[in-house]
Amino acid sequence: MIVSDRGPKPDFHALFDAAPGRCLVLNPDLVIVAVTDAYLETTMTRREEVVGRHILEAFPENPGDTEGRNMQKIGLSIWRVLLTRTPDFLPAQKYDIRRPVAEGGAYEERYWNVYNAPVLSPDGQVAYVIHRVEDVTDAVCAVQEAESERQAADVMRTQLSDLELEVVRALHDASDRERIARDLHDLVIQRVFGVGMRLSSIVPSVDDRTAVKLREVVAELDAVISDIRTTIFDLQSPMAANRGLRSGVLALANDATDRLGFQARVQFNGPIDTVVDRERGDQLLAVLREALSNVIRHAHAESVDVNVAAGADLVLRVADDGVGMGDDPVDPAFKRPGTGLRNMQARAEGLGGTCTVGSRGPSGTVVEWRVPLSATTPATPTAAVPATKG
């Protein structure tokens with residue numbers, strides 16, 4: 001370092017102590033020889049308590065930490081610096097900090113980004129190791145909270161269609177349906193939306209890998225909100241408790257218009273409202289809801305055709321002109337529709353039917369859900385009648 005000859009020489013020890021970074025200086029025996037004020041403040045310690053002591057003695061591990069091996073990881077990082085004479089980085093290491101004895105001596109959960117860098121002597125050997133830490137506890141806890149919310153949201157989404165059907169079957173009083181729809185909106189959606197907003201707000205302050213994970217979780221929460229809003233629409237519909245299958249299909253198709261960006265084309269073949277019993281009708285509506293949701297989230301489609309036919313079988317066919325299975329430009333690994341397909345297949349198998357998903361040339365996907373009707377159902381459907389909106 002070149003220092004000006006003009007004026008008094010700077011006190012480098014004082015400059016280091018006052019530096020804004022949270023740093024320790026260790027000798028090759030891992031004894032602390034210097035520490036910044038910022039490090040002391042963050043760890044709730046005093047300089048005379050840590051300087052001259054081994055790092056593990058000055059900052060002992062939390063004996064109640066069941067994960068353990070945290071100091072071992074940090075120690076290995078320092079030894080890599082001593083051996084290779086190159087810097088080493090450890091992201092998001094859990095290492096709890098003990099409060100002063102006067103404040104009870106309890107340990108606080110903390111996570112740190114750890115940077116270890118060598119200071120070389122004139123002969124090229126490591127004379128000191130600068131151990132710098134960055135407190136990332138808030139960001140790590142936010143990711144953990146988001147992961148917990150995402151897991152809860154996954155469970156919620158897989159059960160949502162069944163829950164909606166049970167609610168519709170059980171509730172005949174409009175006020176009860178409105179109350180449940182209001183609770184879903186005011187309590188569930190607002191909570192999920194709030195978590196998403198908090199996660200989005202911390203994306204600029206975290207590293208790239210954490211930011212990618214946060215954005216993935218936010219996208220999952222947005223999908224959950226979309227599914228819950230679909231359920232709210234059905235609960236608030238005046239036909240929710242006792243509507244015909246034809247009306248239910250049209251309602252779902254019309255509700256999807258804003259999110260699709262266009263009106264789905266709907267056709268009916270056969271006496272839909274006459275021969276389809278309530279159980280099969282309810283299951284078909286749940287499958288249609290899932291299929292349209294998949295198109296909205298993943299297909300990037302410009303058109304969707306929905307066909308419902310009642311003959312020897314009850315058949316639902318949903319065809320889009322989107323990217324097709326496994327061709328999602330945002331997530332190439334995605335095999336549309338995934339969990340939704342398993343749900344649709346289970347609904348078909350429970351009624352003795354089948355559900356298949358295939359490609360639609362030249363692009364797009366076709367979902368065909370088929371279950372048998374009663375032996376008295378006419379085998380020949382009537383001519384297709386294009387549906388109108390509303």
# chains A, B, ... in the order shown; residues from 1 in each chain; ligands from 1
$ residues_around --residues "Arg215 of chain A" --least-positions-apart "3" --cutoff "12 Å" --atoms "only C-alpha atoms" --output "PDB file with C-alpha atoms, in the first residue's frame"
ATOM      1  CA  VAL A 143     -37.172 -18.492   1.979  1.00  0.00           C
ATOM      2  CA  ALA A 146     -42.017 -19.298   1.581  1.00  0.00           C
ATOM      3  CA  GLU A 147     -41.160 -22.990   1.205  1.00  0.00           C
ATOM      4  CA  ARG A 150     -45.560 -23.353  -0.956  1.00  0.00           C
ATOM      5  CA  GLY A 196     -45.843 -13.259  -2.237  1.00  0.00           C
ATOM      6  CA  MET A 197     -45.449  -9.487  -1.874  1.00  0.00           C
ATOM      7  CA  ARG A 198     -42.982  -9.869   0.994  1.00  0.00           C
ATOM      8  CA  LEU A 199     -40.903 -12.351  -0.990  1.00  0.00           C
ATOM      9  CA  SER A 200     -40.913 -10.139  -4.096  1.00  0.00           C
ATOM     10  CA  SER A 201     -39.698  -7.182  -2.033  1.00  0.00           C
ATOM     11  CA  ILE A 202     -36.539  -8.982  -0.875  1.00  0.00           C
ATOM     12  CA  VAL A 203     -35.541 -10.399  -4.282  1.00  0.00           C
ATOM     13  CA  PRO A 204     -33.287  -7.392  -5.124  1.00  0.00           C
ATOM     14  CA  VAL A 206     -30.411 -11.530  -2.143  1.00  0.00           C
ATOM     15  CA  ASP A 208     -28.956 -14.775  -7.727  1.00  0.00           C
ATOM     16  CA  ARG A 209     -29.552 -18.388  -6.636  1.00  0.00           C
ATOM     17  CA  THR A 210     -31.824 -17.327  -3.792  1.00  0.00           C
ATOM     18  CA  ALA A 211     -33.607 -14.848  -6.067  1.00  0.00           C
ATOM     19  CA  VAL A 212     -34.405 -17.603  -8.586  1.00  0.00           C
ATOM     20  CA  VAL A 218     -43.915 -16.494  -5.937  1.00  0.00           C
ATOM     21  CA  ALA A 219     -45.073 -18.044  -9.240  1.00  0.00           C
ATOM     22  CA  GLU A 220     -46.458 -21.063  -7.357  1.00  0.00           C
ATOM     23  CA  LEU A 221     -48.338 -18.771  -4.964  1.00  0.00           C
ATOM     24  CA  ASP A 222     -49.809 -16.864  -7.942  1.00  0.00           C
TER      25      ASP A 222
END
$ residues_around --residues "Asn27 of chain A" --least-positions-apart "2" --cutoff "12 Å" --atoms "only C-alpha atoms" --output "list in words"
Leu24, Val25, Asp29, Leu30, Val31, Ile32, Val33, Ala34, Val51, Gly52, Arg53, His54, Ile55, Ile78, Trp79, Val81, Leu82, Ala117, Pro118, Val119, Leu120, Ser121, Gln125, Val126, Ala127, Tyr128, Val129, Ile130 and His131 of chain A
$ write_last_selection --atoms "C-alpha atoms" --output "CSV table (one decimal), in the first residue's frame"
chain,number,residue,atom,x,y,z
A,24,LEU,CA,-12.2,-10.9,12.0
A,25,VAL,CA,-8.5,-11.4,11.4
A,29,ASP,CA,-3.7,-21.1,14.5
A,30,LEU,CA,-7.2,-19.6,14.1
A,31,VAL,CA,-6.6,-17.2,17.0
A,32,ILE,CA,-8.4,-13.9,16.7
A,33,VAL,CA,-5.9,-11.0,16.4
A,34,ALA,CA,-8.3,-8.2,15.3
A,51,VAL,CA,-9.1,-10.9,20.7
A,52,GLY,CA,-6.4,-13.4,21.6
A,53,ARG,CA,-8.8,-16.4,21.8
A,54,HIS,CA,-9.4,-19.2,19.3
A,55,ILE,CA,-12.4,-18.5,17.1
A,78,ILE,CA,-10.5,-21.6,6.6
A,79,TRP,CA,-8.2,-24.6,6.2
A,81,VAL,CA,-7.6,-20.9,2.5
A,82,LEU,CA,-4.5,-21.8,4.4
A,117,ALA,CA,-9.5,-14.6,2.3
A,118,PRO,CA,-5.7,-15.0,2.8
A,119,VAL,CA,-3.2,-12.3,3.7
A,120,LEU,CA,0.2,-13.4,2.3
A,121,SER,CA,3.6,-12.6,3.9
A,125,GLN,CA,2.9,-17.9,3.0
A,126,VAL,CA,-0.4,-17.2,4.7
A,127,ALA,CA,0.2,-14.8,7.5
A,128,TYR,CA,-3.4,-14.1,8.4
A,129,VAL,CA,-6.9,-15.0,7.3
A,130,ILE,CA,-9.6,-12.3,7.0
A,131,HIS,CA,-12.9,-13.9,8.1
$ select_by_dssp --residues "segment 6-46 of chain A" --states "strand (DSSP E)" --output "short mmCIF file (atom, residue, chain, number, x, y, z; two decimals) with all heavy atoms, in the first residue's frame"
data_model
loop_
_atom_site.label_atom_id
_atom_site.label_comp_id
_atom_site.auth_asym_id
_atom_site.auth_seq_id
_atom_site.Cartn_x
_atom_site.Cartn_y
_atom_site.Cartn_z
N ARG A 22 -18.17 -6.64 8.66
CA ARG A 22 -18.09 -7.50 9.85
C ARG A 22 -16.94 -8.48 9.63
O ARG A 22 -17.11 -9.50 8.98
CB ARG A 22 -19.41 -8.23 10.06
CG ARG A 22 -20.61 -7.30 10.24
CD ARG A 22 -21.91 -8.11 10.31
NE ARG A 22 -23.06 -7.26 10.53
CZ ARG A 22 -23.77 -6.69 9.57
NH1 ARG A 22 -23.44 -6.91 8.29
NH2 ARG A 22 -24.81 -5.93 9.85
N CYS A 23 -15.75 -8.15 10.18
CA CYS A 23 -14.55 -8.92 9.88
C CYS A 23 -13.79 -9.30 11.16
O CYS A 23 -13.76 -8.54 12.12
CB CYS A 23 -13.60 -8.12 8.99
SG CYS A 23 -14.28 -7.68 7.38
N LEU A 24 -13.19 -10.50 11.09
CA LEU A 24 -12.18 -10.94 12.05
C LEU A 24 -10.88 -11.13 11.29
O LEU A 24 -10.89 -11.46 10.09
CB LEU A 24 -12.55 -12.29 12.68
CG LEU A 24 -13.77 -12.41 13.59
CD1 LEU A 24 -13.96 -13.87 13.96
CD2 LEU A 24 -13.59 -11.56 14.83
N VAL A 25 -9.75 -10.98 12.00
CA VAL A 25 -8.46 -11.38 11.44
C VAL A 25 -7.93 -12.52 12.30
O VAL A 25 -7.85 -12.39 13.53
CB VAL A 25 -7.45 -10.21 11.43
CG1 VAL A 25 -6.10 -10.70 10.89
CG2 VAL A 25 -7.96 -9.07 10.56
N LEU A 26 -7.62 -13.64 11.66
CA LEU A 26 -7.15 -14.83 12.35
C LEU A 26 -5.71 -15.11 11.95
O LEU A 26 -5.32 -14.90 10.79
CB LEU A 26 -8.01 -16.04 11.98
CG LEU A 26 -9.52 -15.92 12.16
CD1 LEU A 26 -10.21 -17.12 11.51
CD2 LEU A 26 -9.89 -15.83 13.62
N ILE A 32 -7.92 -15.19 17.10
CA ILE A 32 -8.37 -13.88 16.66
C ILE A 32 -7.34 -12.82 17.06
O ILE A 32 -6.97 -12.71 18.24
CB ILE A 32 -9.74 -13.54 17.28
CG1 ILE A 32 -10.79 -14.58 16.87
CG2 ILE A 32 -10.19 -12.14 16.87
CD1 ILE A 32 -12.10 -14.48 17.64
N VAL A 33 -6.88 -12.04 16.08
CA VAL A 33 -5.90 -11.00 16.38
C VAL A 33 -6.47 -9.60 16.17
O VAL A 33 -5.88 -8.62 16.64
CB VAL A 33 -4.63 -11.17 15.52
CG1 VAL A 33 -3.95 -12.51 15.84
CG2 VAL A 33 -4.94 -11.08 14.03
N ALA A 34 -7.61 -9.50 15.48
CA ALA A 34 -8.26 -8.20 15.29
C ALA A 34 -9.72 -8.43 14.95
O ALA A 34 -10.08 -9.50 14.40
CB ALA A 34 -7.56 -7.38 14.20
N VAL A 35 -10.56 -7.44 15.23
CA VAL A 35 -11.99 -7.56 14.98
C VAL A 35 -12.55 -6.16 14.76
O VAL A 35 -12.14 -5.20 15.43
CB VAL A 35 -12.71 -8.27 16.14
CG1 VAL A 35 -12.49 -7.56 17.46
CG2 VAL A 35 -14.20 -8.41 15.85
#
